[in-house]
Structure formats: C-alpha cells, structure tokens
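Let me begin by presenting the structure, written as structure tokens, before commenting on it.
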Amino acid sequence: MNAQNINAPSAYFMAEVSEKLETHTLSVLVDNEPGVLARVIGLFSGRGYNIDSLTVSETEHEKHLSRITIVTTGTPQVIEQIRHQLERLVPVHRVIDLTVEAHRNNQDKPLERELALVKVAGTGEKRLEALRLADAFRATVIDATTEHFVFEITGRTNKVEQFISIMGPLGLIEVSRTGVAALQRGGKAL
Amino acid sequence: MKREMTGAEMVLQALKDHGVQHVFGYPGGAVLPIYDEIIQQDDITHILVRHEQGAGHAAEGYARSTGKPGVVLVTSGPGATNMVTALTDAMLDSIPLVCITGQVPTHLIGNDAFQECDTVGITRPCTKHNWLVRRIEDLPRVLHEAFYVATSGRPGPVVVDIPKDIQFATGEYEGPNNIAHKTYRPRLKGDMSAIRQAVELIASARRPVLYTGGGVINSGPAASQLLREFVELTGIPITSTLMGLGAYPASGKSWLGMLGMHGTYEANMAMHDCDVMIAIGARFDDRITGRLDAFSPGSRRIHIDIDPSSINKTVPVDLPIIGDVAHVLEDMVRIWRSSSLKIDQSAMKAWTGQIDTWRARNSLAYRPSEDFIMPQYAIQRLYEHTKSRNTIITTEVGQHQMWAAQFYGFEAPNRWLTSGGLGTMGYGMPAAIGAQVANPDALVIDIAGDASILMNIQEMSTATQYGLPVKVFILNNQYMGMVRQWQQLLHGNRLSHSYTESLPDFVKLAEAYGWHGIAVDKPADLDDAIEEMLASPKAVIFDCRVANLANCFPMIPSGKAHNEMLLPDEANDEAVAKAISKEGKALV
C-alpha cells in the first residue's frame, strides 16, 4: 500500500505528475436554486480542476432538480477529490462518476452525445463538398441561402470534432456546441 | 405554531429559538430594521465591535471556546466585505459561524446601489453555504437551515443575506421543529467493519502513533474524553496539530508535543518512523506533512474524518473511516475493551524507548539570558503563573503563536484559540473578547506579537465598553518575527520591510483606551509584572520586550521531510542560510 506513496505528487516540489491523466464524465444532481451553477464552477476554478465540457438544465421540473454533466480530466486521486468536493456542496443531491460506473459494468464509456450547429459559407465546389460530407456524417441542414449552410450534427464528441475540422477548409465560419449530455447504459436509473 | 411577524422580528425569534445569547455586530443602513428589534428586547445581548472583522473573530473565539455557533450581524457592502477574512478563517478551521448580512432592497439589487455588493457571490468560496433571501416566505426556513448547516457535520461559516425590504415585510414564522434537510445529512456513525479492521490493525502495530487534529475539538468534549480513554487503553504515543492542542493533556504520559513545521523532534520522528498511523480529525495539511514524497514512508494509515473530501486529499490512506470522531472513538474503545486484542508489549517498549532518545535531543531548547527576556522564557513564565487558573489562550499569527503552542501546556479542549489554517494576523484580540463574553469567569489571554496586535487594535475599545478584562501579552521584538526569520532563511537576511519603525507606546495606548498598561524588558522583573497583570481587574496590555532576533526552532525547512528537522543546537548562521533548497524557496 505504501509503495504508492513513494511516488505521490509532492505539493512541496511541484514534482511532475507521474500518474496517468484520465477523462471522466460526472453527473451531478442538484437543487435548481439560484447560484448552484456558480458554486459548481467556482469549485472547479478555485481548486484548479479542469472542465472539458459542462452542460446544465432542469431535468425534473416538479422536484426542482437540475442535472449538471461535467467532463473533466485529472489523475484518479484528483477525480476522487472532485467527486467528494462536489458532494460537499449543500445543494448537491448526488454525484455519479459515469465513467467509473461504465467500467464497473465492463463498458468503455457511458452514453455520451453532444450537438453542434456549424455554419459554413461558400460557393461552388467547396459548397457541394460540404453538403456531401454533411450527408456522410448524418448532419442535417437547418438553415441555408445560396451562400451558406447551417448544419446540425449530433454524436460523440470526437465525431463532432472531426466534422468541424473537416469543415474548416470548406468555409467554416461559426460553431456553437452544447457540450456533452450523458447517461449510463442499461435499463436502470441512477 | 405559526405566527405573523416581520422579517426583522423573524431574525430575532430564530436566534432565540436556536439558543443564541450573544451577537457580535456593527449596524448600518441595510440592517437597521434588525437593530431596531434588538434594542426592544432583552434575551439576546448585542456586542458592538469597532470593525466587522473584529465581530467575525470575536464570534469565532466565542464558538471555539464554547462549541456553540458564533453569530454575527453586519450591514451590506463594506460590512459584508470586512467579514470576508473572518469567514475564510472560520472556513479553514471548521468553526461554526452564522453571519447575517443586510442587503440593499430587492428592487435595487444589481443596480450598483449605495453600499451594495454581491455578498453571496463574494462569500461563496469562503462559506460552507450561503443564501440570499428574496422572499419573506423563505426566511424562517433559511434561518433554521443556516444553523443546521453551520453546526452539522464538519462545522463552518454560513451567510444569510437579507435585503432591507424583506426585513420590513410581514410573513408567517414557524419554529425550527423537525427540520430535515433535503440534501445535507452528514454521516456520524463510522462503518463498523472498517472500525473493526482499524482496531485489528492497531493491535498488530509495533510502532503506532496517534496524529490528532482540530476535528477532535470540533466533535465536542466527549471526543477528547474518549481519545484519552483510548490512549490509556492502548498506550499509543500521541501527537497533535496546532488546532488539536488540548484534546489530550500536555501533561499526559503518552504526549509527544505538537508535530509539523515547528513541532517537536520526537513527534515528527515518531510520525516518520511509525508503522501504523492513526489520523483522527486531522487533514494532512502542508504544515504537518513537510515533503510529501518522504512523508512517513513505512506506515499504514487509518484516517477518521467526518468529511469524505479529507480522505486521500494529499496523503493516501489505507483505511478511511467516515464519521464523527466521538462516534467512531466510542465504537473503537468498546471493541478494544470487549476483545482480547493487545499491542505487542516488547515492541511497544522498544518504540517508546526510541521515542525517549528522540525526546532527549531536547528540541525546544533555547539559550537563556539574564540580560534579555527570551520569548520562550516569557511564555514559560506566563504558563507557570496561569496554569492553575481557568485560562483560555488566544494568539495572533507568527513566532509568538508557535512559541505559545510549544511552551504553553494545554490540559483541556476549547482552551486554545488560534488561527491555524488561514493564519490571520489580528485574530487574537477579538477572539479573546469573544471568549471572554462566553466565559466571563475565565482568565482570557491573547498571546500576541507587536505587529499582529496592531491589525485589530481598535477592538480595545470594545473590551472597554463591555468591561471585558482580557489580557494582551505582547512578545514585542519590533519585527514581524516570522517574516524576518524566513527572510533570514530564504533571502540572505535582507530584512525587507519586516521591521516596524514606529511602534506605539503600548502603555500609553492602554491608558488611552482605559486599560492598564505594563512594560517589562528585564527577565528579573517578569514574574512580578505577570502577577501585576493577573491582579488587575481591568483589561491589560503587557508589553513584553523580548530578544529581537530570536528564531523559532525546531523547524522543518520548506521542502524537507520530518526527519530533516533543523534543531536549535544545530541552527548556526551557516546552517540556517543553507537550510532551504532552491525548490523549497518557491514554497510558502
């Protein structure tokens, strides 16, 4: 057990972090009260934790519950800290590490989707190519003139990112993304 | 039973319903309706401070010396921002505070109104929780929740921000019966199987050590009692953090002294060499652990804490137990008694023998002087003159604080009030005032430094107004001693701005405020002067002129491990200059 401590990161020497960084998706059930999002975000910025993605919306209206989905990166020790620090916030009902839950069920990842709106402007061959690629990615056109398209694309983060990067040389001018929404696989609720 | 009343009346009623007897505060425009209620009742005594920070620290002193929540009432804007230091202090040391702030009327919020600030925004990171009450219907529930959150689980400060129109508004008040909080329900009982495992691990130890902290004090007097029982049963040597002093008596035979940066050699070496460490209500703070990658390399660790986020935060532990210290210790004592478990006595004998050789290094030694008062000697004399009394000691922050922790022996919990986590200069005198309000018959002494004491010197006036006979014992070396010591250690003894050129005449200052003033600079006069201080029915400033350049040793230099302490007899100028490596200099 103590072997792990020999290489523990030292606050004193700011030693390089030797533990591997992991990316986890956390689901945080909170009371939908004023300031609750500020508490969560303030915790991350105040303690220097990463936020890769964050989404929040009321999910159970009559119970005044919101669900915050956070994708974060850190060492396993830091991710455990994040979970406990979130649980310490008074309006937080539950914190579920969906990545840990998925691994427990022998799955690689929880279900994760995000949506992006991608505006591409251009004419001629590039415009046609953008439309063809959008079709291949199952992105739909939700707004268009003869000089632009707005595509809606849904999928895992890497699919969305791939689509956006492909659109880059084809006249990409603006992107808006929702961030990740996530649930555990299977028939049970958390 | 529901009753119709105004918001301001609800505040007073809720305070009464929660058993509050004293409120520390300062009035202003946005709390006038509450102050108008205060003057029309007799159940709650309001103590008028001279600065809101003073109110905060006074409430902390009140809370730490009684275990009850301290209550503060301040106005909006600067009233609230002046409270931020005290709130942060209470947050880091887990002290229950309920702070009520006035706010501009709801229709002005967000308009940059006069004395408006975003109080809940500013205090969010320095409170356990806070509320802005926008509807009178919410006020009774929020007030009750505030007391619940401040005092349950790991205690801490809370803020209830009440706009002025809500204080005037009328609504129905209901008492604090049966409040079950929706989400916040900290766990008190520890997991029994983990407790059993812990007991077995302790019984198998050959070199065990108990490392206890402020959580034992916060858990209440029963926790200290159970801790003493457990030490008595097992014979395990015990050390404590700065915050935990008094939980186990300094005169106890298993006592190692404080650990950490300025802890004793025997405490730190025992931590370094132990095979089983039992951390109780302590949080492995950087002042305790020293260099983390060399921290107690051979030990298996049990960690009892009510806050799950304390577990594995900086130091990995083998056996965490989440729960209240008193609850968990009660189970541990019971299981230990009912089992036939026993620590190997020959191993324990070897271990305590080893500890005795460390103790023989006499790590708190200093060179006595007949010409100058050594600061350590001053604390020793103060202790000898006050140990048989009902004494409460507060401190400011710096060298004097460490010398007080090293040389004053604490026999009981709630008798040592110091700013540990935040290290707030200016804490001691207002804290002493709060402790004196709560304990009118106690002898309350603020052991201070000449620099720290000036940071809340205005509170002398508060003590005078309420006839509080606090004693302020200043170790006056004319320097910010700890800053100077670090400049010597880290910056080639270039004493940049750590010398106070123009200190006041503290005796005249005392007289100006209606206190009694005493100044001493000869060791031979010290005892009589201390007796003079104790005999005075008034508040006293004791200006104890001590050796200017004394350093606080032993010390774990920044970036070093427990077994690399700098001991006083080795700390010549060259050793001091070389004590800290380049990497260590970047640390605080």
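Please note that chains go A, B, ... in the order of the structure tokens, that every chain numbers its residues from 1, and that ligands are numbered from 1 in the order shown.
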For chain B against chain A, with a cut-off of 6 Å and counting only C-alpha atoms, what is the closest atom pair and its distance in Å to one decimal for every residue that makes the cut, ordered by chain and number, as JSON lines?
```
{"residue": "B:Thr183", "atom": "CA", "partner": "A:His93", "partner_atom": "CA", "distance": 5.3}
{"residue": "B:Tyr184", "atom": "CA", "partner": "A:Val90", "partner_atom": "CA", "distance": 5.7}
{"residue": "B:Arg291", "atom": "CA", "partner": "A:Tyr12", "partner_atom": "CA", "distance": 5.8}
{"residue": "B:Leu292", "atom": "CA", "partner": "A:Ser10", "partner_atom": "CA", "distance": 4.9}
{"residue": "B:Asp293", "atom": "CA", "partner": "A:Ile6", "partner_atom": "CA", "distance": 5.5}
{"residue": "B:Ser309", "atom": "CA", "partner": "A:His84", "partner_atom": "CA", "distance": 4.8}
{"residue": "B:Gly559", "atom": "CA", "partner": "A:Tyr12", "partner_atom": "CA", "distance": 5.4}
```
Please, could you write that set of residues out with C-alpha atoms as a PDB file, in the first residue's frame?
```pdb
ATOM      1  CA  THR B 183     -29.653  17.108   0.784  1.00  0.00           C
ATOM      2  CA  TYR B 184     -27.219  17.785   3.621  1.00  0.00           C
ATOM      3  CA  ARG B 291       7.856  16.973   1.938  1.00  0.00           C
ATOM      4  CA  LEU B 292       5.083  14.669   0.791  1.00  0.00           C
ATOM      5  CA  ASP B 293       7.140  12.106  -1.077  1.00  0.00           C
ATOM      6  CA  SER B 309     -13.090  15.057   0.881  1.00  0.00           C
ATOM      7  CA  GLY B 559      10.795  21.169   1.102  1.00  0.00           C
TER       8      GLY B 559
END
```
- Message: Show me, as an MDAnalysis selection string, the residues that have an atom within 8 Å of B:Gln488 when counting only C-alpha atoms, minus same-chain residues fewer than 5 positions from it.
- Response: chainID B and resid 493:495 576:577
- For stretch 92-106 of chain B: contacts at 8 Å, only C-alpha atoms, fewer than 3 positions along chain excluded, given as a ChimeraX atom specification: /B:30-31,59-60,63-64,68-77,79-80,87-89,109,113-116,134,146-147,150-151,154-166,214,218,243,419-422
- B:Ala431: which residues within 10 Å, counting only C-alpha atoms, same-chain residues fewer than 6 positions away excluded, as a VMD selection string? chain B and resid 54 to 65 393 to 396 417 to 419 437 444 to 446
- Query: Within 8 Å of A:Thr55, counting only C-alpha atoms, which residues qualify if same-chain residues fewer than 5 places away don't, as an MDAnalysis selection string?
  - Reply: chainID A and resid 68:70 178:181
- Query: What is the distance between atom CA of B:Thr241 and atom CA of B:Ile447, in Å to one decimal?
  - Reply: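 Atom CA of B:Ile447 lies 18.5 Å from atom CA of B:Thr241.
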- Query: Which is closest to B:Ala247 among B:Leu259, B:Val120, B:Ala222, B:Leu139, if we use only C-alpha atoms?
  - Reply: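 Closest residue, counting only C-alpha atoms: B:Ala222.
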